[in-house]
>>> print(open('query.txt').read())   # compact mmCIF, C-alpha atoms
# COMPACT_ATOMS: atom_id res chain seq x y z
CA MET I 1 15.36 -38.11 -235.40
CA GLY I 2 13.63 -41.32 -236.45
CA ASP I 3 16.02 -41.87 -239.31
CA PHE I 4 19.00 -41.20 -237.05
CA GLN I 5 17.97 -44.00 -234.67
CA GLN I 6 17.99 -46.48 -237.55
CA TYR I 7 21.76 -46.86 -237.84
CA ASP I 8 23.66 -49.87 -238.99
CA PRO I 9 25.37 -51.62 -236.05
CA ASP I 10 28.00 -53.10 -238.35
CA PHE I 11 29.17 -49.64 -239.40
CA TYR I 12 30.95 -49.09 -236.06
CA GLN I 13 33.96 -51.36 -235.72
CA THR I 14 35.11 -50.23 -232.30
CA GLY I 15 32.63 -52.30 -230.33
CA TYR I 16 31.22 -49.21 -228.69
CA TYR I 17 27.54 -48.46 -229.09
CA ILE I 18 25.28 -45.73 -227.91
CA ASP I 19 23.41 -48.17 -225.73
CA ASP I 20 26.59 -48.83 -223.75
CA GLN I 21 26.83 -45.26 -222.44
CA GLY I 22 27.00 -45.03 -218.67
CA GLN I 23 28.28 -48.57 -218.34
CA VAL I 24 31.98 -47.74 -218.66
CA GLY I 25 33.80 -48.36 -215.38
CA TYR I 26 37.32 -47.80 -214.19
CA SER I 27 38.98 -50.12 -211.75
CA TYR I 28 42.23 -49.86 -209.78
CA ASP I 29 44.21 -52.90 -208.90
CA PRO I 30 46.37 -52.34 -205.79
CA ASN I 31 48.37 -55.45 -206.61
CA TYR I 32 49.54 -54.05 -209.96
CA ALA I 33 53.32 -54.47 -210.20
CA LEU I 34 55.23 -51.24 -210.66
CA SER I 35 58.54 -51.04 -212.49
CA PRO I 36 61.68 -51.57 -210.36
CA GLU I 37 62.81 -47.99 -210.88
CA TYR I 38 59.65 -46.53 -209.37
CA GLN I 39 59.64 -49.10 -206.62
CA GLU I 40 63.17 -48.06 -205.56
CA GLY I 41 62.36 -44.35 -205.76
CA GLU I 42 64.29 -43.70 -208.98
CA GLY I 43 62.69 -41.53 -211.61
CA VAL I 44 60.68 -39.65 -208.99
CA TYR I 45 61.59 -35.98 -208.41
CA ASP I 46 63.09 -35.42 -205.01
CA PRO I 47 63.87 -31.74 -204.11
CA SER I 48 66.47 -32.82 -201.56
CA MET I 49 68.61 -34.29 -204.34
CA ASP I 50 69.23 -30.85 -205.96
CA SER I 51 72.58 -29.18 -205.20
CA ALA I 52 72.66 -25.54 -204.19
CA TYR I 53 73.52 -23.10 -207.03
CA THR I 54 76.73 -21.26 -206.22
CA GLY I 55 77.26 -19.35 -209.49
CA GLN I 56 76.46 -15.74 -210.34
CA VAL I 57 74.12 -14.25 -212.89
CA PHE I 58 76.81 -13.18 -215.37
CA GLN I 59 79.31 -15.85 -214.27
CA PRO I 60 77.48 -19.17 -214.32
CA GLN I 61 78.79 -22.12 -212.42
CA VAL I 62 80.90 -24.55 -214.44
CA PRO I 63 79.25 -27.95 -214.48
CA PRO I 64 81.33 -30.71 -212.88
CA GLY I 65 83.38 -32.76 -215.31
CA THR I 66 83.83 -29.90 -217.82
CA THR I 67 86.86 -27.71 -218.47
CA GLU I 68 86.51 -24.00 -217.85
CA TYR I 69 86.98 -21.82 -220.95
CA THR I 70 90.17 -19.81 -220.67
CA GLY I 71 90.21 -18.11 -224.08
CA ASP I 72 91.28 -14.53 -224.55
CA GLY I 73 88.56 -12.05 -223.77
CA TYR I 74 88.03 -8.56 -225.08
CA GLU I 75 90.16 -7.16 -222.26
CA GLU I 76 93.24 -9.11 -223.40
CA GLU I 77 93.01 -8.12 -227.08
CA PRO I 78 95.51 -5.50 -228.33
CA PRO I 79 94.20 -2.01 -229.15
CA LEU I 80 92.95 -1.33 -232.64
CA LEU I 81 95.68 1.24 -233.39
CA GLU I 82 98.33 -1.29 -232.41
CA GLU I 83 96.83 -3.88 -234.73
CA LEU I 84 96.89 -1.33 -237.57
CA GLY I 85 100.53 -0.48 -236.85
CA ILE I 86 99.85 3.12 -235.77
CA ASN I 87 102.07 4.27 -232.90
CA PHE I 88 101.68 7.95 -232.05
CA ASP I 89 104.76 7.89 -229.83
CA HIS I 90 106.97 6.82 -232.74
CA ILE I 91 105.29 9.35 -235.02
CA TRP I 92 106.08 12.11 -232.56
CA GLN I 93 109.71 11.00 -232.18
CA LYS I 94 110.21 10.88 -235.95
CA THR I 95 108.66 14.31 -236.30
CA LEU I 96 111.01 15.74 -233.68
CA THR I 97 113.96 14.14 -235.46
CA VAL I 98 113.02 15.96 -238.66
CA LEU I 99 112.30 19.29 -236.97
CA ASN I 100 115.57 19.26 -235.01
CA PRO I 101 118.51 18.75 -237.38
CA LEU I 102 120.92 18.40 -234.44
CA MET I 103 118.93 15.61 -232.77
CA PRO I 104 120.59 12.16 -233.00
CA VAL I 105 118.78 9.58 -235.08
CA ASP I 106 117.34 6.45 -233.47
CA GLY I 107 117.86 3.78 -236.11
CA SER I 108 115.41 1.34 -234.51
CA ILE I 109 112.54 3.82 -234.86
CA MET I 110 113.43 5.01 -238.34
CA ASN I 111 113.70 1.44 -239.56
CA GLU I 112 109.95 0.91 -239.18
CA THR I 113 107.60 1.11 -242.13
CA ASP I 114 105.21 3.76 -240.86
CA LEU I 115 103.15 5.47 -243.56
CA THR I 116 100.61 7.19 -241.30
CA GLY I 117 102.66 10.35 -240.83
CA PRO I 118 103.78 10.62 -244.48
CA MET I 119 100.21 10.29 -245.72
CA LEU I 120 99.07 13.01 -243.34
CA PHE I 121 101.90 15.31 -244.43
CA CYS I 122 101.15 14.74 -248.13
CA ILE I 123 97.49 15.54 -247.56
CA ALA I 124 98.46 18.61 -245.53
CA LEU I 125 100.77 19.78 -248.33
CA GLY I 126 98.03 19.39 -250.92
CA ALA I 127 95.52 21.12 -248.66
CA THR I 128 97.77 24.12 -248.01
CA LEU I 129 98.48 24.43 -251.74
CA LEU I 130 94.76 24.32 -252.38
CA MET I 131 94.16 27.08 -249.83
CA ALA I 132 96.73 29.16 -251.72
CA GLY I 133 94.74 28.66 -254.93
CA LYS I 134 96.82 25.80 -256.38
CA SER I 135 95.15 22.45 -256.94
CA HIS I 136 98.22 20.20 -257.13
CA PHE I 137 97.12 17.00 -255.38
CA GLY I 138 97.99 14.92 -258.43
CA TYR I 139 101.47 16.45 -258.70
CA VAL I 140 102.11 15.87 -254.98
CA TYR I 141 101.15 12.19 -255.13
CA GLY I 142 102.83 11.62 -258.51
CA PHE I 143 106.19 13.17 -257.60
CA SER I 144 106.10 11.42 -254.22
CA ALA I 145 105.64 8.01 -255.84
CA VAL I 146 108.34 8.59 -258.48
CA GLY I 147 110.76 9.95 -255.86
CA CYS I 148 110.22 7.00 -253.50
CA VAL I 149 110.84 4.45 -256.26
CA GLY I 150 113.95 6.30 -257.48
CA MET I 151 115.43 6.64 -253.98
CA HIS I 152 114.65 3.01 -253.27
CA LEU I 153 116.64 1.86 -256.29
CA LEU I 154 119.51 4.25 -255.52
CA LEU I 155 119.83 3.25 -251.87
CA ASN I 156 119.76 -0.46 -252.72
CA LEU I 157 122.64 0.10 -255.15
CA MET I 158 124.67 2.20 -252.71
CA SER I 159 124.18 0.18 -249.52
CA GLY I 160 125.20 -3.38 -248.88
CA CYS I 161 121.93 -4.25 -247.15
CA SER I 162 118.49 -4.30 -248.68
CA VAL I 163 116.03 -1.55 -247.77
CA SER I 164 112.28 -1.74 -248.30
CA CYS I 165 110.36 0.76 -250.36
CA GLY I 166 108.04 1.42 -247.43
CA CYS I 167 110.94 2.51 -245.24
CA VAL I 168 112.16 4.91 -247.94
CA ALA I 169 108.64 6.34 -248.35
CA SER I 170 108.31 6.75 -244.59
CA VAL I 171 111.57 8.72 -244.27
CA LEU I 172 110.90 10.92 -247.30
CA GLY I 173 107.34 11.57 -246.10
CA TYR I 174 108.38 12.63 -242.61
CA CYS I 175 111.08 14.94 -244.01
CA LEU I 176 108.34 16.66 -246.03
CA LEU I 177 107.11 18.46 -242.90
CA PRO I 178 109.20 21.67 -243.41
CA MET I 179 107.81 21.88 -246.94
CA VAL I 180 104.28 21.83 -245.47
CA ALA I 181 105.25 24.82 -243.32
CA LEU I 182 106.56 26.65 -246.42
CA SER I 183 103.33 25.95 -248.28
CA ALA I 184 101.30 27.21 -245.30
CA PHE I 185 103.37 30.41 -245.26
CA ALA I 186 102.53 30.89 -248.95
CA ILE I 187 98.86 31.29 -247.97
CA LEU I 188 99.65 34.47 -246.04
CA CYS I 189 102.47 35.88 -248.14
CA SER I 190 103.62 35.48 -251.71
CA LEU I 191 106.88 33.59 -252.18
CA GLN I 192 107.70 35.05 -255.58
CA GLY I 193 110.47 37.34 -254.39
CA LEU I 194 113.80 37.35 -252.61
CA LEU I 195 112.23 36.35 -249.32
CA GLY I 196 110.38 33.47 -250.95
CA MET I 197 113.49 32.26 -252.77
CA PHE I 198 115.50 32.37 -249.55
CA LEU I 199 112.86 30.49 -247.57
CA ALA I 200 112.43 27.89 -250.33
CA SER I 201 116.19 27.29 -250.48
CA LEU I 202 116.37 27.01 -246.69
CA VAL I 203 113.53 24.49 -246.60
CA ILE I 204 115.10 22.40 -249.40
CA VAL I 205 118.39 22.21 -247.49
CA TRP I 206 116.52 21.41 -244.27
CA CYS I 207 114.52 18.54 -245.80
CA SER I 208 117.53 17.13 -247.65
CA HIS I 209 119.71 17.30 -244.54
CA SER I 210 117.15 15.45 -242.42
CA ALA I 211 116.51 12.76 -245.02
CA SER I 212 120.20 12.15 -245.78
CA LYS I 213 121.01 12.01 -242.06
CA ILE I 214 118.37 9.37 -241.47
CA PHE I 215 119.36 7.30 -244.50
CA SER I 216 123.08 7.45 -243.79
CA THR I 217 122.65 6.55 -240.12
CA THR I 218 120.21 3.71 -240.72
CA LEU I 219 122.02 2.14 -243.70
CA GLY I 220 125.58 2.88 -242.60
CA LEU I 221 126.36 5.34 -245.43
CA THR I 222 128.29 7.81 -243.33
CA GLY I 223 130.90 8.59 -245.99
CA GLN I 224 128.31 8.90 -248.77
CA ARG I 225 125.93 11.35 -247.16
CA LEU I 226 126.37 14.05 -249.83
CA LEU I 227 125.55 11.52 -252.55
CA VAL I 228 122.34 10.68 -250.71
CA ALA I 229 121.47 14.33 -250.06
CA TYR I 230 121.74 15.35 -253.73
CA PRO I 231 118.76 13.29 -255.07
CA CYS I 232 116.79 14.20 -251.97
CA GLY I 233 117.39 17.87 -252.74
CA LEU I 234 116.15 17.39 -256.29
CA LEU I 235 112.95 15.77 -255.03
CA TYR I 236 112.21 18.47 -252.43
CA GLY I 237 113.12 21.15 -254.96
CA VAL I 238 110.16 20.04 -257.08
CA PHE I 239 107.82 20.48 -254.10
CA ALA I 240 109.35 23.90 -253.42
CA LEU I 241 108.62 24.95 -257.00
CA LEU I 242 104.99 23.88 -256.50
CA SER I 243 104.81 26.02 -253.36
CA VAL I 244 106.46 29.10 -254.86
CA PHE I 245 104.88 29.17 -258.30
>>> encode(input="query.txt", output="structure tokens")
Amino acid sequence: MGDFQQYDPDFYQTGYYIDDQGQVGYSYDPNYALSPEYQEGEGVYDPSMDSAYTGQVFQPQVPPGTTEYTGDGYEEEPPLLEELGINFDHIWQKTLTVLNPLMPVDGSIMNETDLTGPMLFCIALGATLLMAGKSHFGYVYGFSAVGCVGMHLLLNLMSGCSVSCGCVASVLGYCLLPMVALSAFAILCSLQGLLGMFLASLVIVWCSHSASKIFSTTLGLTGQRLLVAYPCGLLYGVFALLSVF
């Protein structure tokens, strides 16, 4: 403790020494000039100056001087199926058109490029063939692609207007539905006989009639319907051979 008391006064540059403890005083000058803002009452919190909150918890009040956001919400967005181009009403109408050969064709519906139904029917055809012990998925997809490209080229040469490949694929895919029924019947009963040959021929004529009717009505090929039905019959005849044999 004796060595601690012997400190160097010059070491402390603040002007504060231990001996000055207890001598620090604080004084208040009432004549001290405040800033004009505090003298006028500005800058001091006054509860009476707050405006009442009129908003809700999930709908906050829009501050004055700002524009309210009017963007589209989730309620105004179109459904996901509509954004993807899937319309079950049109799919059902096209299916009824194929199933009923006497039903008139609506050209506005058949003109749409809808591949949802054709893809489902191709998968169904491959699945029914697989259930009958025939793994022909590759043949189904391969012949479908070659047939769509060939019919697309033929229809563009025969008609005066241009037709898209997606529209051709949509029509040929929807007209494949009777062939799916024939393949499903092959699961229960063998088609390698007179009954099978008759049913296969009937289904080929049915599919070709539906496809040619749609193409001729949509593209205005009324007088050339038999020329359109012939290549369609060749294409559906290949699928019939896959179902029978």
>>> residues_around(input="query.txt", residues="Ser135 (chain I)", least_positions_apart="6", cutoff="9 Å", atoms="only C-alpha atoms", output="PyMOL selection string")
chain I and resi 126-127+129
>>> write_last_selection(input="query.txt", atoms="C-alpha atoms", output="PDB file, keeping the file's coordinate frame")
ATOM      1  CA  GLY I 126      98.030  19.390-250.920  1.00  0.00           C
ATOM      2  CA  ALA I 127      95.520  21.120-248.660  1.00  0.00           C
ATOM      3  CA  LEU I 129      98.480  24.430-251.740  1.00  0.00           C
TER       4      LEU I 129
END
>>> residues_around(input="query.txt", residues="region 227-241 of chain I", least_positions_apart="2", cutoff="8 Å", atoms="only C-alpha atoms", output="VMD selection string")
chain I and resid 140 143 147 151 155 176 179 200 204 to 205 207 to 209 211 to 212 215 to 216 224 to 225 243 to 245
>>> atom_distance(input="query.txt", atom1="CA of His136 (chain I)", atom2="CA of Leu242 (chain I)")
7.7 Å
>>> atom_distance(input="query.txt", atom1="CA of Leu153 (chain I)", atom2="CA of Asp114 (chain I)")
19.3 Å
>>> closest_residue(input="query.txt", among="I:Val105, I:Leu182, I:Leu195, I:Ala132", to="Thr218 (chain I)", atoms="all atoms listed in the file")
I:Val105
>>> atom_distance(input="query.txt", atom1="CA of Cys189 (chain I)", atom2="CA of Leu120 (chain I)")
23.6 Å
